[in-house]
Amino acid sequence: MQKVNKNVVLALLSLTSLVFLLFQLYYYRSYLSHKNAAVFSKVRGRQSGQDSTRWHVVRKFLGLISSHNIPVYLIDPLILGLVDKDIEQIKSSPDGPSLECKYFCAQRDFTTFALLDKTWRHEIGLFRTAEKMGFQWLKIINKDPRLDGMDDLSGIEIPLHYIFKLASHAIHLVVFYERSGNYLWHGPLRLKQHMDRKFVPFRKLYFGRYPGAYEKPELLLISIDDLKVQIPKNPSSFLQEMSHSRFLECRYREARAFFQLYPDDTSLDAVEFRKKAKSLLHLASLTLNNLGVKFWLSSGTCLGWYRQCNVIPHSKDVDLGVFIRDYKAGIIPAFQKAGLLLKHKFGKVEDSLELSFQGEDDVKLDIFFFYEEDDHMWNGGTQAKSGKKFKYLFPKFTLCWTEFVELKVHVPCETLQYVEANYGPDWKVPVKTWDWKSSPSNVQYNGVWPVDEWDDVIQIY
């Protein structure tokens, strides 16, 4: 009998505990969760817990950098893409209430901001404050390419990226630097051996796989999701720029090795030619950029950049490439207006177009137009006295930015393949005697222009 009473008591106690536990769960779901959701909805609308975490991390980060007077701006491509769709509405109601968390609660692992290096110098205080706010942080440094040159490879390191992590979200802060070509540059994100590669999923970062080059953006202050942030004034232009921003450095180490084998020509004539070629290249860049025509360093000018980080003094001209799809009828009059006389026009838009302009003294500007086939690209050449046509074949390539003679300019990203196609495996060896009809490794005979077309396809001035 006594044994039965004990079992009954235990059963009653268990039942009572279960009822109490169920009551607590019901209370939490029916009261506390609704109460918290109501508080969140006042500032961002109803969102999941993960969504609200992203918003809270961004808000705390903006508070952190504001307390240290650090002027950052938003460059996150996912958020900028959403903002761009609503930009007119956002501009028309800059301080209007946000009914939902549309931008900073979007599904993502990071939110990306940019910082101009010259606007901030006091990182120690920032890190201390960040830690007090609960952030973990990581600083990525690497070599400063702006200090490299033919005389010195400095090896001095500068901060390129910062990562601030709180809870399950991270802020990626990309540091931009001004360079002598009047543009902004950010470096690659390369982790040192001792760094924690599991700190965040680095491969998902939008910036840092390659260095990048950008125009200086005009900024706009907006309010989204009840947070005030600066963004590029034209988000769509920035996003387009981002997709073609990859940057290649001049290869100073290899150039120094080249000049040890083949001492540079420092004669008065060589110095004077390089000065004129630089001036001509800057003028050509300004003219084509004003027309919206994309171009790149080609032929000997590209070889000079890749091999010796300078203009080849015995080349006597400046060579540029342009995709035929980017051709505009205004190119010739624009260069003439800039003071360059048309020296010759060979071929036609449909086939083997080539333009040559006379620069200062005997320095000329050659523009080669490139045509795209299924598995290669090519540009044409014409022999004026015979009407013979030639074709120069290149493997397909894309365009990257570089800095050359204090100018931000395009070069083929696949530069080695481009140079080897034109100059063969011995491209490192200087050649002063060059026949454009037979010397290039990629030249092919391409027939003869019909005599009745010569007046149109062979124009010499």
# chains A, B, ... in the order shown; residues from 1 in each chain; ligands from 1
$ residues_around --residues "A:Ala334" --least-positions-apart "4" --cutoff "12 Å" --atoms "only C-alpha atoms" --output "list in words"
Leu283, Ala284, Ser285, Leu286, Thr287, Leu288, Asn289, Asn290, Leu291, Gly292, Val293, Lys328, Ala329, Gly330, Ala338, Gly339, Leu340, Leu341, Leu342 and Phe357 of chain A
$ select_by_dssp --residues "stretch 47-226 of chain A" --states "helix (DSSP H, G or I)" --output "PyMOL selection string"
chain A and resi 49-67+77-85+87-92+117-119+123-132+145-147+202-204
$ write_last_selection --atoms "N, CA and C atoms" --output "compact mmCIF listing (two decimals), in the first residue's frame"
# COMPACT_ATOMS: atom_id res chain seq x y z
N GLY A 49 14.36 36.53 -37.04
CA GLY A 49 15.45 36.86 -36.13
C GLY A 49 16.76 37.06 -36.85
N GLN A 50 17.04 36.23 -37.86
CA GLN A 50 18.29 36.36 -38.61
C GLN A 50 18.33 37.68 -39.37
N ASP A 51 17.20 38.08 -39.96
CA ASP A 51 17.14 39.35 -40.68
C ASP A 51 17.42 40.51 -39.75
N SER A 52 16.81 40.49 -38.56
CA SER A 52 16.99 41.60 -37.63
C SER A 52 18.42 41.65 -37.13
N THR A 53 19.09 40.50 -37.04
CA THR A 53 20.50 40.49 -36.62
C THR A 53 21.35 41.27 -37.61
N ARG A 54 21.12 41.08 -38.90
CA ARG A 54 21.88 41.82 -39.90
C ARG A 54 21.69 43.33 -39.72
N TRP A 55 20.45 43.73 -39.56
CA TRP A 55 20.15 45.16 -39.40
C TRP A 55 20.83 45.72 -38.16
N HIS A 56 20.77 44.97 -37.04
CA HIS A 56 21.38 45.44 -35.79
C HIS A 56 22.89 45.55 -35.90
N VAL A 57 23.53 44.60 -36.62
CA VAL A 57 24.98 44.66 -36.78
C VAL A 57 25.37 45.89 -37.61
N VAL A 58 24.64 46.15 -38.69
CA VAL A 58 24.93 47.34 -39.51
C VAL A 58 24.72 48.61 -38.69
N ARG A 59 23.63 48.64 -37.92
CA ARG A 59 23.35 49.84 -37.10
C ARG A 59 24.47 50.07 -36.09
N LYS A 60 24.95 49.00 -35.44
CA LYS A 60 26.02 49.16 -34.46
C LYS A 60 27.32 49.59 -35.14
N PHE A 61 27.58 49.05 -36.33
CA PHE A 61 28.79 49.43 -37.05
C PHE A 61 28.74 50.91 -37.43
N LEU A 62 27.60 51.37 -37.94
CA LEU A 62 27.47 52.79 -38.30
C LEU A 62 27.63 53.68 -37.07
N GLY A 63 27.14 53.21 -35.94
CA GLY A 63 27.35 53.96 -34.70
C GLY A 63 28.81 53.99 -34.31
N LEU A 64 29.51 52.88 -34.52
CA LEU A 64 30.93 52.79 -34.21
C LEU A 64 31.74 53.78 -35.04
N ILE A 65 31.54 53.77 -36.35
CA ILE A 65 32.37 54.64 -37.20
C ILE A 65 31.96 56.11 -37.04
N SER A 66 30.68 56.36 -36.71
CA SER A 66 30.24 57.74 -36.48
C SER A 66 30.90 58.31 -35.24
N SER A 67 31.08 57.47 -34.21
CA SER A 67 31.70 57.95 -32.96
C SER A 67 33.17 58.30 -33.17
N PRO A 77 27.24 45.34 -53.35
CA PRO A 77 26.54 45.26 -54.64
C PRO A 77 25.10 44.76 -54.53
N LEU A 78 24.82 43.87 -53.58
CA LEU A 78 23.45 43.38 -53.43
C LEU A 78 22.52 44.49 -52.99
N ILE A 79 22.96 45.25 -51.98
CA ILE A 79 22.11 46.34 -51.47
C ILE A 79 22.02 47.47 -52.49
N LEU A 80 23.13 47.82 -53.14
CA LEU A 80 23.09 48.89 -54.14
C LEU A 80 22.17 48.52 -55.29
N GLY A 81 22.14 47.24 -55.65
CA GLY A 81 21.24 46.80 -56.71
C GLY A 81 19.78 47.01 -56.32
N LEU A 82 19.45 46.74 -55.05
CA LEU A 82 18.07 46.97 -54.57
C LEU A 82 17.77 48.46 -54.50
N VAL A 83 18.75 49.22 -54.00
CA VAL A 83 18.56 50.67 -53.88
C VAL A 83 18.37 51.31 -55.25
N ASP A 84 19.15 50.84 -56.24
CA ASP A 84 19.08 51.44 -57.57
C ASP A 84 17.67 51.34 -58.16
N LYS A 85 16.97 50.26 -57.88
CA LYS A 85 15.60 50.10 -58.39
C LYS A 85 14.65 51.12 -57.77
N ILE A 87 15.72 54.18 -56.42
CA ILE A 87 16.49 55.38 -56.10
C ILE A 87 15.66 56.66 -56.17
N GLU A 88 14.75 56.78 -57.14
CA GLU A 88 13.95 58.00 -57.25
C GLU A 88 13.00 58.13 -56.08
N GLN A 89 12.41 57.02 -55.67
CA GLN A 89 11.52 57.05 -54.51
C GLN A 89 12.29 57.39 -53.24
N ILE A 90 13.49 56.84 -53.11
CA ILE A 90 14.31 57.13 -51.93
C ILE A 90 14.71 58.60 -51.89
N LYS A 91 15.08 59.14 -53.06
CA LYS A 91 15.47 60.56 -53.12
C LYS A 91 14.31 61.47 -52.78
N SER A 92 13.10 61.10 -53.20
CA SER A 92 11.94 61.96 -53.00
C SER A 92 11.45 61.97 -51.55
N ASP A 117 41.40 56.18 -47.66
CA ASP A 117 42.50 56.13 -46.71
C ASP A 117 42.85 57.50 -46.15
N LYS A 118 42.88 58.51 -46.98
CA LYS A 118 43.35 59.83 -46.54
C LYS A 118 42.40 60.50 -45.55
N THR A 119 41.19 59.96 -45.36
CA THR A 119 40.22 60.59 -44.48
C THR A 119 40.28 60.06 -43.05
N GLU A 123 43.24 54.14 -36.08
CA GLU A 123 42.56 52.86 -36.01
C GLU A 123 42.59 52.23 -34.63
N ILE A 124 43.60 52.54 -33.80
CA ILE A 124 43.71 51.89 -32.49
C ILE A 124 42.48 52.17 -31.64
N GLY A 125 42.07 53.43 -31.59
CA GLY A 125 40.88 53.79 -30.81
C GLY A 125 39.63 53.12 -31.34
N LEU A 126 39.56 52.96 -32.66
CA LEU A 126 38.41 52.30 -33.26
C LEU A 126 38.32 50.85 -32.82
N PHE A 127 39.44 50.16 -32.82
CA PHE A 127 39.44 48.74 -32.46
C PHE A 127 39.04 48.55 -31.00
N ARG A 128 39.51 49.44 -30.13
CA ARG A 128 39.15 49.33 -28.72
C ARG A 128 37.65 49.51 -28.52
N THR A 129 37.10 50.51 -29.19
CA THR A 129 35.66 50.74 -29.08
C THR A 129 34.88 49.58 -29.68
N ALA A 130 35.37 49.05 -30.80
CA ALA A 130 34.70 47.92 -31.45
C ALA A 130 34.63 46.72 -30.52
N GLU A 131 35.73 46.44 -29.82
CA GLU A 131 35.74 45.30 -28.90
C GLU A 131 34.77 45.50 -27.75
N LYS A 132 34.67 46.74 -27.25
CA LYS A 132 33.73 47.02 -26.17
C LYS A 132 32.28 46.82 -26.62
N PRO A 145 51.80 49.32 -53.55
CA PRO A 145 52.40 49.37 -54.89
C PRO A 145 52.72 50.79 -55.34
N ARG A 146 52.15 51.79 -54.68
CA ARG A 146 52.39 53.17 -55.10
C ARG A 146 53.83 53.60 -54.86
N LEU A 147 54.51 52.88 -53.97
CA LEU A 147 55.89 53.25 -53.63
C LEU A 147 56.93 52.49 -54.44
N PHE A 202 35.65 33.89 -46.48
CA PHE A 202 36.31 34.90 -47.30
C PHE A 202 35.99 34.77 -48.79
N ARG A 203 35.76 33.56 -49.25
CA ARG A 203 35.52 33.37 -50.68
C ARG A 203 34.21 34.02 -51.13
N LYS A 204 33.34 34.33 -50.20
CA LYS A 204 32.07 34.96 -50.56
C LYS A 204 32.17 36.48 -50.64
$ atom_distance --atom1 "atom CA of A:Leu280" --atom2 "atom CA of A:Gly359"
6.6 Å
$ closest_atom_pairs --of "stretch 243-327 of chain A" --to "stretch 174-190 of chain A" --cutoff "10 Å" --atoms "only C-alpha atoms" --output "CSV"
residue,atom,partner,partner_atom,distance
A:Ser245,CA,A:Trp185,CA,9.4
A:Arg246,CA,A:His186,CA,9.8
A:Phe247,CA,A:Trp185,CA,8.3
$ write_last_selection --atoms "C-alpha atoms" --output "mmCIF file, in the first residue's frame"
data_model
loop_
_atom_site.group_PDB
_atom_site.id
_atom_site.type_symbol
_atom_site.label_atom_id
_atom_site.label_comp_id
_atom_site.auth_asym_id
_atom_site.auth_seq_id
_atom_site.Cartn_x
_atom_site.Cartn_y
_atom_site.Cartn_z
ATOM 1 C CA SER A 245 37.378 46.806 -62.213
ATOM 2 C CA ARG A 246 40.182 44.227 -62.137
ATOM 3 C CA PHE A 247 43.588 45.891 -61.922
#
$ residues_around --residues "A:Gly387" --least-positions-apart "2" --cutoff "12 Å" --atoms "only C-alpha atoms" --output "PyMOL selection string"
chain A and resi 346-347+381-385+389-390+445-459
$ closest_atom_pairs --of "stretch 288-352 of chain A" --to "stretch 267-274 of chain A" --cutoff "8 Å" --atoms "only C-alpha atoms" --output "CSV"
residue,atom,partner,partner_atom,distance
A:Val311,CA,A:Arg274,CA,6.1
A:Ile312,CA,A:Arg274,CA,7.8
A:Pro313,CA,A:Ala270,CA,5.1
A:His314,CA,A:Ala270,CA,7.4
A:Lys316,CA,A:Phe273,CA,7.4
$ select_by_dssp --residues "stretch 205-409 of chain A" --states "strand (DSSP E or B)" --output "number ranges by chain"
A: 212-214, 219-224, 227-232, 246-247, 296-297, 317-323, 341-348, 351-358, 364-372, 377-382, 388-394, 399-404, 407-409
$ closest_residue --among "A:Asp226, A:Asp144, A:Asp76, A:Glu157" --to "A:Ile171" --atoms "only C-alpha atoms"
A:Asp76
$ atom_distance --atom1 "atom CA of A:Arg253" --atom2 "atom CA of A:Gly424"
21.7 Å
$ closest_residue --among "A:Phe207, A:Leu407, A:Trp137, A:Leu227" --to "A:Lys102" --atoms "only C-alpha atoms"
A:Leu227
$ closest_residue --among "A:Lys396, A:Arg325, A:Lys388, A:Lys278" --to "A:Asp375" --atoms "only C-alpha atoms"
A:Lys396
$ closest_residue --among "A:Lys139, A:Arg307, A:Lys233, A:Lys216" --to "A:Phe199" --atoms "only C-alpha atoms"
A:Lys139
$ atom_distance --atom1 "atom CA of A:Thr402" --atom2 "atom CA of A:Leu153"
17.7 Å
